[in-house]
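Let me begin by presenting the structure, written as structure tokens, before commenting on it.
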Amino acid sequence: MNAMVKAEGVHKSFGTAHILKGIDLEVAPREVFCLIGPSGSGKSTFLRCINHLEKINAGRLYVDGGLVGYRQKGDRLHELKDSEIALKRRDIGMVFQRFNLFPHMTAVENVMEAPVQVKGETKAVARVRAERLLDRVGLSDKAKHYPAQLSGGQQQRVAIARALAMEPKLMLFDEPTSALDPELVGDVLDVMRGLAEDGMTMIVVTHEMGFAREVGDALVFMDDGVVVETGHPRDVLTNPQHDRTKSFLSKVL
Amino acid sequence: MFDKAAGGPPAVAAPVSEATTVAPETITAVPVRHYGRWISAVIVIGLLVSLVYAFSQGNIQWQAVQDKLFDDTVLAGAGRTLMISVLAMILGVALGVVLAVMRLSKNPVTSWVAWLYIWFFRGTPVYVQLLLWFNLALVFPILNIPFVYKDEMTDVMTPFMCALLGLGLNEAAYMAEICRAGIQSVDEGQTEASHALGMTQAKTMRRVVLPQALRVIIPPTGNEFINMLKTSSLVYAVTYNELLRSTSQIGSTSYAVMEMLFVASIWYIVMTSVFSVGQYYLERRYARGSLRALPPTPWQRVRLNLAHVRTRNHPSTRNS
């Protein structure tokens, strides 16, 4: 099994609301995998299942060959302990629509937090890496600023640096530019483009079709909890096969 | 994001429009006359004067109030009131945070234990709780924690211990609810971001949630402390020599009951006033970010009014 992420018939419900109705897909290492679809289609929910922020109800979900949230013994699944789940999440970075930076810490402290608290790194080591990462996202001069003193685009770039500080194998992006002013979107996409060029495996829930076409290696169109269409972004975006995909793209392009 | 300018004086209107528009003549209208305010002020002042007059004619030895205000026994009592309030508050806050975290825990056992504690200590009057500690020796004459400690209960339950446990454990129940509200006020995205980074529940609580909950927890905690200063007078019942008890004892031996109650009141009001001022600035500090512009402090208001009066006298300075 060499897929970075593999989903087999994944179902997820919130109470009576059936959000995911059998998702099957595979994400190869070093791939930029884009998820598009109307709001409420379940793409964000699926993303959150990958690092077990949501628990799936049926099916199997694997990250780097290992089951998400469970351990299989014989034919029975055993829930993982909180500490074991936390251990697995170290390798999966996540970037949120609303940034979710820690407002009581400066930019550099945000980036240092997890390596120091989770990996037990010394502050000196973590600080060197944090400063390098902030430099990489173009914010070396904002290291001592608090999130409230940064623009949305700057906050999101700090959030990306924070996720990268754990040196993850996989990065999840949950509509990273949806909460940004249009003129700030470019800076965040540039950082993501750079990550893709470095070979990071990325799953990106996005409404940025330009980014998907230009950077994406694979694209999935989801609607109403199912995968409607899969393919190379160029093909799906320019020559959609399903009516539902066509009507969605005609509205957003 | 909006609080950067807060704290300073309100911004002067930007001189953008100066070049394009000519300022029209300043309005000088007759202000609305508030006759009702004048009449009510006269009535209130009249009532106050008669109240003061009544007290001056009453059978009160004002000299005794003056003599005993800085009496050593009274000062020691006030000191003990302050000390027991601070210590009980520390106990209450520490235990309250623990209880709040327990209450919100996914573990049903710890959550239920915390619920039970809060249910009991909020459901019974603090006065009754003080008496329960005070009379504990009636049911358990010997305090015996196997292999750790063994002593006469009356030796352990000194008036100080009764006061500390009675006030502190009661306060913990109230602080637990305040802390719970604070913890729940922190955005869920914060917990998610922390978990996504691989931080455990405990680390998330300690490093991410609690520091942010503080801004919600601290203002009502100041309030609780001011309440505690007054509630501490109840430890009179467990023979702890705090302010009320030490003044009352002087009062009953020197036949100056009312005078000594005045002395106690003066000290209580001094203490609560001092801490209220601190509380005011604490609340202001923690309101940053939730209010766009903070209301001016009393001192700022005075300066503002002075500046206003000055500009009214020199109309030329107004068109800046």
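To be explicit about the labels: the chains of the structure tokens are called A, B, and onward in the order shown, and within each one the residues are counted from 1, while ligands get numbers from 1 in the order they are shown.
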Would you list, as a ChimeraX atom specification, the residues of segment 17-220 of chain A that end up in helix (DSSP H, G or I) under DSSP run on this structure's backbone? /A:43-50,82-89,107-117,123-136,140-142,147-149,152-164,182-197,209-215
Checklist entry - For chain A, which residues have at least one atom within 9 Å of chain B, if we go by only C-alpha atoms? Write them as a PyMOL selection string, please. => result chain A and resi 51-53+82-83+85-96+98-104+113-115+117-118+147-150+162-163+166
Could you take the residues named above and write them with C-alpha atoms, as an mmCIF file, in the first residue's frame?
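Here's the written file selection11.cif:
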```cif
data_model
loop_
_atom_site.group_PDB
_atom_site.id
_atom_site.type_symbol
_atom_site.label_atom_id
_atom_site.label_comp_id
_atom_site.auth_asym_id
_atom_site.auth_seq_id
_atom_site.Cartn_x
_atom_site.Cartn_y
_atom_site.Cartn_z
ATOM 1 C CA ASN A 51 -6.867 13.650 10.902
ATOM 2 C CA HIS A 52 -9.691 12.275 13.019
ATOM 3 C CA LEU A 53 -11.198 15.613 14.013
ATOM 4 C CA ASP A 82 -6.290 10.168 22.796
ATOM 5 C CA SER A 83 -2.515 10.075 23.159
ATOM 6 C CA ILE A 85 -4.389 9.798 18.042
ATOM 7 C CA ALA A 86 -2.303 12.821 18.990
ATOM 8 C CA LEU A 87 0.813 10.876 17.991
ATOM 9 C CA LYS A 88 -0.604 10.215 14.520
ATOM 10 C CA ARG A 89 -1.675 13.822 14.046
ATOM 11 C CA ARG A 90 1.939 14.960 14.350
ATOM 12 C CA ASP A 91 2.514 13.825 10.789
ATOM 13 C CA ILE A 92 -0.554 15.593 9.362
ATOM 14 C CA GLY A 93 -0.525 19.379 9.126
ATOM 15 C CA MET A 94 -3.809 21.243 8.878
ATOM 16 C CA VAL A 95 -4.628 24.763 7.761
ATOM 17 C CA PHE A 96 -8.073 26.131 8.586
ATOM 18 C CA ARG A 98 -10.472 30.761 9.925
ATOM 19 C CA PHE A 99 -6.677 30.467 10.526
ATOM 20 C CA ASN A 100 -7.155 29.543 14.233
ATOM 21 C CA LEU A 101 -3.843 31.027 15.278
ATOM 22 C CA PHE A 102 -3.337 31.166 19.035
ATOM 23 C CA PRO A 103 -4.162 34.826 19.752
ATOM 24 C CA HIS A 104 -2.184 34.973 23.007
ATOM 25 C CA GLU A 113 4.482 25.850 20.208
ATOM 26 C CA ALA A 114 3.949 22.356 18.831
ATOM 27 C CA PRO A 115 7.612 21.341 18.368
ATOM 28 C CA GLN A 117 5.201 21.004 23.561
ATOM 29 C CA VAL A 118 4.708 17.894 21.451
ATOM 30 C CA PRO A 147 -2.184 37.536 15.269
ATOM 31 C CA ALA A 148 -4.512 40.511 15.849
ATOM 32 C CA GLN A 149 -1.782 42.782 14.463
ATOM 33 C CA LEU A 150 -1.553 40.806 11.211
ATOM 34 C CA ARG A 162 2.900 26.577 12.210
ATOM 35 C CA ALA A 163 1.705 23.388 10.519
ATOM 36 C CA MET A 166 5.934 19.670 12.795
#
```
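Inside segment 31-267 of chain B, the residues DSSP reads as strand (DSSP E) when given the backbone are Ile142, Leu143, Asn144, Ile145, Tyr149, Lys150, Asp151 and Glu152 of chain B.
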Convert the current residue selection to file output with all heavy atoms, as a PDB file, in the first residue's frame.
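Contents of again02.pdb, freshly written:
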```pdb
ATOM      1  N   ILE B 142     -11.746  12.446  66.504  1.00  0.00           N
ATOM      2  CA  ILE B 142     -10.345  12.235  66.131  1.00  0.00           C
ATOM      3  C   ILE B 142     -10.228  12.289  64.614  1.00  0.00           C
ATOM      4  O   ILE B 142     -10.990  11.635  63.902  1.00  0.00           O
ATOM      5  CB  ILE B 142      -9.843  10.844  66.601  1.00  0.00           C
ATOM      6  CG1 ILE B 142     -10.082  10.657  68.106  1.00  0.00           C
ATOM      7  CG2 ILE B 142      -8.386  10.634  66.221  1.00  0.00           C
ATOM      8  CD1 ILE B 142      -9.100  11.388  68.982  1.00  0.00           C
ATOM      9  N   LEU B 143      -9.278  13.092  64.131  1.00  0.00           N
ATOM     10  CA  LEU B 143      -9.006  13.088  62.691  1.00  0.00           C
ATOM     11  C   LEU B 143      -7.939  12.052  62.436  1.00  0.00           C
ATOM     12  O   LEU B 143      -6.823  12.157  62.929  1.00  0.00           O
ATOM     13  CB  LEU B 143      -8.528  14.471  62.222  1.00  0.00           C
ATOM     14  CG  LEU B 143      -8.125  14.552  60.744  1.00  0.00           C
ATOM     15  CD1 LEU B 143      -9.322  14.324  59.840  1.00  0.00           C
ATOM     16  CD2 LEU B 143      -7.486  15.886  60.424  1.00  0.00           C
ATOM     17  N   ASN B 144      -8.291  11.009  61.680  1.00  0.00           N
ATOM     18  CA  ASN B 144      -7.363   9.902  61.474  1.00  0.00           C
ATOM     19  C   ASN B 144      -7.292   9.558  59.995  1.00  0.00           C
ATOM     20  O   ASN B 144      -8.194   8.963  59.433  1.00  0.00           O
ATOM     21  CB  ASN B 144      -7.831   8.686  62.288  1.00  0.00           C
ATOM     22  CG  ASN B 144      -6.823   7.551  62.217  1.00  0.00           C
ATOM     23  OD1 ASN B 144      -5.739   7.708  61.651  1.00  0.00           O
ATOM     24  ND2 ASN B 144      -7.194   6.414  62.783  1.00  0.00           N
ATOM     25  N   ILE B 145      -6.189  10.008  59.367  1.00  0.00           N
ATOM     26  CA  ILE B 145      -5.910   9.577  57.985  1.00  0.00           C
ATOM     27  C   ILE B 145      -4.863   8.488  58.118  1.00  0.00           C
ATOM     28  O   ILE B 145      -3.722   8.760  58.504  1.00  0.00           O
ATOM     29  CB  ILE B 145      -5.382  10.753  57.134  1.00  0.00           C
ATOM     30  CG1 ILE B 145      -6.370  11.914  57.184  1.00  0.00           C
ATOM     31  CG2 ILE B 145      -5.160  10.303  55.685  1.00  0.00           C
ATOM     32  CD1 ILE B 145      -5.825  13.204  56.605  1.00  0.00           C
ATOM     33  N   TYR B 149      -1.749  10.838  59.209  1.00  0.00           N
ATOM     34  CA  TYR B 149      -1.990  11.889  60.176  1.00  0.00           C
ATOM     35  C   TYR B 149      -3.039  11.428  61.191  1.00  0.00           C
ATOM     36  O   TYR B 149      -3.997  10.745  60.845  1.00  0.00           O
ATOM     37  CB  TYR B 149      -2.507  13.127  59.437  1.00  0.00           C
ATOM     38  CG  TYR B 149      -2.521  14.379  60.286  1.00  0.00           C
ATOM     39  CD1 TYR B 149      -1.373  15.136  60.455  1.00  0.00           C
ATOM     40  CD2 TYR B 149      -3.688  14.781  60.916  1.00  0.00           C
ATOM     41  CE1 TYR B 149      -1.387  16.268  61.236  1.00  0.00           C
ATOM     42  CE2 TYR B 149      -3.711  15.915  61.693  1.00  0.00           C
ATOM     43  CZ  TYR B 149      -2.557  16.664  61.849  1.00  0.00           C
ATOM     44  OH  TYR B 149      -2.567  17.772  62.628  1.00  0.00           O
ATOM     45  N   LYS B 150      -2.790  11.799  62.462  1.00  0.00           N
ATOM     46  CA  LYS B 150      -3.789  11.484  63.466  1.00  0.00           C
ATOM     47  C   LYS B 150      -3.723  12.541  64.562  1.00  0.00           C
ATOM     48  O   LYS B 150      -2.653  12.815  65.089  1.00  0.00           O
ATOM     49  CB  LYS B 150      -3.531  10.092  64.051  1.00  0.00           C
ATOM     50  CG  LYS B 150      -4.629   9.633  64.981  1.00  0.00           C
ATOM     51  CD  LYS B 150      -4.445   8.180  65.369  1.00  0.00           C
ATOM     52  CE  LYS B 150      -5.551   7.778  66.331  1.00  0.00           C
ATOM     53  NZ  LYS B 150      -5.456   6.384  66.746  1.00  0.00           N
ATOM     54  N   ASP B 151      -4.857  13.151  64.849  1.00  0.00           N
ATOM     55  CA  ASP B 151      -4.864  14.197  65.876  1.00  0.00           C
ATOM     56  C   ASP B 151      -6.285  14.446  66.343  1.00  0.00           C
ATOM     57  O   ASP B 151      -7.250  14.016  65.726  1.00  0.00           O
ATOM     58  CB  ASP B 151      -4.264  15.487  65.299  1.00  0.00           C
ATOM     59  CG  ASP B 151      -3.683  16.370  66.392  1.00  0.00           C
ATOM     60  OD1 ASP B 151      -3.971  16.112  67.582  1.00  0.00           O
ATOM     61  OD2 ASP B 151      -2.946  17.301  66.054  1.00  0.00           O
ATOM     62  N   GLU B 152      -6.385  15.159  67.466  1.00  0.00           N
ATOM     63  CA  GLU B 152      -7.702  15.595  67.941  1.00  0.00           C
ATOM     64  C   GLU B 152      -8.295  16.554  66.911  1.00  0.00           C
ATOM     65  O   GLU B 152      -7.608  17.448  66.431  1.00  0.00           O
ATOM     66  CB  GLU B 152      -7.546  16.352  69.271  1.00  0.00           C
ATOM     67  CG  GLU B 152      -7.001  15.523  70.399  1.00  0.00           C
ATOM     68  CD  GLU B 152      -8.096  14.825  71.169  1.00  0.00           C
ATOM     69  OE1 GLU B 152      -9.234  15.330  71.129  1.00  0.00           O
ATOM     70  OE2 GLU B 152      -7.821  13.781  71.783  1.00  0.00           O
TER      71      GLU B 152
END
```
I'd like the neighbourhood of Gln184 of chain B as a JSON list (two decimals) with N, CA and C atoms, in the first residue's frame, where a residue qualifies if any of its atoms comes within 12 Å (using only C-alpha atoms), though same-chain residues fewer than 4 positions away should be ignored.
```
[["chain", "number", "residue", "atom", "x", "y", "z"],
["B", 100, "ALA", "N", -13.70, 22.98, 37.31],
["B", 100, "ALA", "CA", -14.25, 23.34, 36.00],
["B", 100, "ALA", "C", -13.73, 22.38, 34.93],
["B", 101, "VAL", "N", -12.41, 22.09, 35.00],
["B", 101, "VAL", "CA", -11.83, 21.16, 34.02],
["B", 101, "VAL", "C", -12.45, 19.77, 34.20],
["B", 103, "ARG", "N", -15.39, 19.12, 35.42],
["B", 103, "ARG", "CA", -16.79, 19.19, 35.01],
["B", 103, "ARG", "C", -16.93, 19.05, 33.50],
["B", 104, "LEU", "N", -15.96, 19.57, 32.75],
["B", 104, "LEU", "CA", -16.02, 19.53, 31.29],
["B", 104, "LEU", "C", -15.33, 18.31, 30.72],
["B", 177, "GLU", "N", -17.93, 27.46, 38.31],
["B", 177, "GLU", "CA", -18.90, 27.85, 37.28],
["B", 177, "GLU", "C", -18.38, 29.01, 36.44],
["B", 178, "ILE", "N", -17.66, 29.94, 37.09],
["B", 178, "ILE", "CA", -17.09, 31.06, 36.34],
["B", 178, "ILE", "C", -16.03, 30.54, 35.36],
["B", 179, "CYS", "N", -15.18, 29.63, 35.85],
["B", 179, "CYS", "CA", -14.13, 29.08, 34.99],
["B", 179, "CYS", "C", -14.74, 28.28, 33.85],
["B", 180, "ARG", "N", -15.80, 27.55, 34.14],
["B", 180, "ARG", "CA", -16.45, 26.75, 33.10],
["B", 180, "ARG", "C", -16.95, 27.66, 31.98],
["B", 188, "GLU", "N", -13.95, 27.02, 19.46],
["B", 188, "GLU", "CA", -13.67, 25.60, 19.25],
["B", 188, "GLU", "C", -12.51, 25.41, 18.26],
["B", 189, "GLY", "N", -12.38, 26.35, 17.35],
["B", 189, "GLY", "CA", -11.28, 26.29, 16.38],
["B", 189, "GLY", "C", -9.92, 26.23, 17.05],
["B", 190, "GLN", "N", -9.82, 26.84, 18.22],
["B", 190, "GLN", "CA", -8.55, 26.83, 18.96],
["B", 190, "GLN", "C", -8.20, 25.41, 19.39],
["B", 191, "THR", "N", -9.19, 24.70, 19.93],
["B", 191, "THR", "CA", -8.96, 23.32, 20.35],
["B", 191, "THR", "C", -8.61, 22.46, 19.14],
["B", 205, "MET", "N", -5.56, 22.13, 26.91],
["B", 205, "MET", "CA", -6.21, 22.89, 27.97],
["B", 205, "MET", "C", -5.24, 23.88, 28.60],
["B", 209, "VAL", "N", -6.26, 26.73, 25.81],
["B", 209, "VAL", "CA", -7.61, 27.13, 26.23],
["B", 209, "VAL", "C", -7.57, 28.02, 27.47],
["B", 210, "LEU", "N", -6.92, 27.54, 28.54],
["B", 210, "LEU", "CA", -6.95, 28.30, 29.79],
["B", 210, "LEU", "C", -6.39, 29.73, 29.65],
["B", 212, "GLN", "N", -6.56, 31.69, 27.26],
["B", 212, "GLN", "CA", -7.55, 32.53, 26.59],
["B", 212, "GLN", "C", -8.81, 32.67, 27.42],
["B", 213, "ALA", "N", -9.08, 31.66, 28.25],
["B", 213, "ALA", "CA", -10.27, 31.73, 29.10],
["B", 213, "ALA", "C", -10.11, 32.81, 30.17],
["B", 214, "LEU", "N", -8.85, 33.12, 30.51],
["B", 214, "LEU", "CA", -8.58, 34.07, 31.59],
["B", 214, "LEU", "C", -9.27, 35.41, 31.38],
["B", 216, "VAL", "N", -12.02, 36.04, 30.20],
["B", 216, "VAL", "CA", -13.42, 35.96, 30.62],
["B", 216, "VAL", "C", -13.50, 35.69, 32.13],
["B", 217, "ILE", "N", -12.52, 34.97, 32.66],
["B", 217, "ILE", "CA", -12.59, 34.53, 34.06],
["B", 217, "ILE", "C", -12.20, 35.67, 35.02]]
```
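The list of residues with at least one atom within 7 Å of Leu133 of chain A, based on only C-alpha atoms and without residues fewer than 4 positions apart in the same chain, reads Arg129, Val137 and Ala161 of chain A.
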Emit the selected residues as a PDB file, in the first residue's frame, including N, CA, C and O atoms.
```pdb
ATOM      1  N   ARG A 129      14.101  27.070  13.714  1.00  0.00           N
ATOM      2  CA  ARG A 129      13.271  26.554  12.646  1.00  0.00           C
ATOM      3  C   ARG A 129      12.083  27.485  12.378  1.00  0.00           C
ATOM      4  O   ARG A 129      11.730  27.758  11.231  1.00  0.00           O
ATOM      5  N   VAL A 137       7.635  31.888   4.412  1.00  0.00           N
ATOM      6  CA  VAL A 137       6.311  32.394   4.029  1.00  0.00           C
ATOM      7  C   VAL A 137       6.322  33.914   3.907  1.00  0.00           C
ATOM      8  O   VAL A 137       5.263  34.545   3.801  1.00  0.00           O
ATOM      9  N   ALA A 161       3.025  28.090   8.295  1.00  0.00           N
ATOM     10  CA  ALA A 161       4.335  27.878   8.924  1.00  0.00           C
ATOM     11  C   ALA A 161       4.194  27.050  10.189  1.00  0.00           C
ATOM     12  O   ALA A 161       5.009  26.162  10.469  1.00  0.00           O
TER      13      ALA A 161
END
```
Problem - Shell of 9 Å around Glu197 of chain A, only C-alpha atoms, local chain residues under 4 positions omitted, as a ChimeraX atom specification - result: /A:192-193,215
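Using only C-alpha atoms for every distance, the candidate list B:Gln66, B:Thr110, B:Thr158, B:Ser105 yields B:Thr158 as the residue closest to Val235 of chain B.
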The residue from B:Ala114, B:Ile226, B:Ala176, B:Ala94 with the smallest atom-to-atom distance to Gln279 of chain B, counting only C-alpha atoms, is B:Ile226
Which residues are near Tyr240 of chain B? Cut-off 8 Å, only C-alpha atoms, ignore same chain within fewer than 5 positions. Put them as a list in words.
Pro159, Phe160, Ala163, Val235 and Arg245 of chain B
Go ahead and write the residues just picked, all heavy atoms, as a compact mmCIF listing (two decimals), in the first residue's frame.
```
# COMPACT_ATOMS: atom_id res chain seq x y z
N PRO B 159 -10.15 28.02 64.66
CA PRO B 159 -11.03 28.99 63.99
C PRO B 159 -10.51 29.38 62.61
O PRO B 159 -11.28 29.52 61.67
CB PRO B 159 -10.99 30.19 64.95
CG PRO B 159 -10.76 29.59 66.28
CD PRO B 159 -9.86 28.40 66.05
N PHE B 160 -9.18 29.50 62.49
CA PHE B 160 -8.61 29.86 61.19
C PHE B 160 -8.91 28.80 60.13
O PHE B 160 -9.34 29.12 59.02
CB PHE B 160 -7.08 30.04 61.33
CG PHE B 160 -6.39 30.20 60.01
CD1 PHE B 160 -6.42 31.42 59.34
CD2 PHE B 160 -5.72 29.13 59.43
CE1 PHE B 160 -5.79 31.57 58.12
CE2 PHE B 160 -5.09 29.28 58.20
CZ PHE B 160 -5.13 30.50 57.54
N ALA B 163 -12.54 28.86 59.11
CA ALA B 163 -12.82 30.00 58.24
C ALA B 163 -12.29 29.74 56.85
O ALA B 163 -12.98 29.95 55.84
CB ALA B 163 -12.19 31.26 58.83
N VAL B 235 -17.44 34.63 59.32
CA VAL B 235 -16.60 33.73 60.11
C VAL B 235 -16.55 34.18 61.57
O VAL B 235 -15.97 33.51 62.42
CB VAL B 235 -15.16 33.59 59.54
CG1 VAL B 235 -15.20 33.16 58.09
CG2 VAL B 235 -14.37 34.86 59.69
N ARG B 245 -15.66 40.69 64.35
CA ARG B 245 -15.59 40.13 65.69
C ARG B 245 -14.75 41.01 66.62
O ARG B 245 -15.12 41.26 67.76
CB ARG B 245 -15.00 38.72 65.63
CG ARG B 245 -15.21 37.97 66.92
CD ARG B 245 -14.73 36.52 66.83
NE ARG B 245 -14.90 35.90 68.12
CZ ARG B 245 -16.04 35.37 68.53
NH1 ARG B 245 -17.09 35.39 67.75
NH2 ARG B 245 -16.13 34.84 69.74
```
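For the pair atom CA of Asp224 of chain A and atom CA of Lys21 of chain A, the separation is 8.0 Å.
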| said: Using only C-alpha atoms, which protein or nucleic acid residues come within 12 Å of Gly231 of chain A? Drop anything in the same chain fewer than 6 positions from it, and give the result as a ChimeraX atom specification. | reply: /A:25-27,33-36,212-213,216-221,237-241
Expressed in Å, the length from atom CA of Asp190 of chain A to atom CA of Thr177 of chain A is 11.5 Å
note - atom CA of Glu224 of chain B and atom CA of Val270 of chain B are separated by 16.8 Å
One residue among B:Trp133, B:Tyr174, B:Tyr127, B:Tyr53 is nearest to Gly96 of chain B when using only C-alpha atoms, and that residue is B:Tyr174
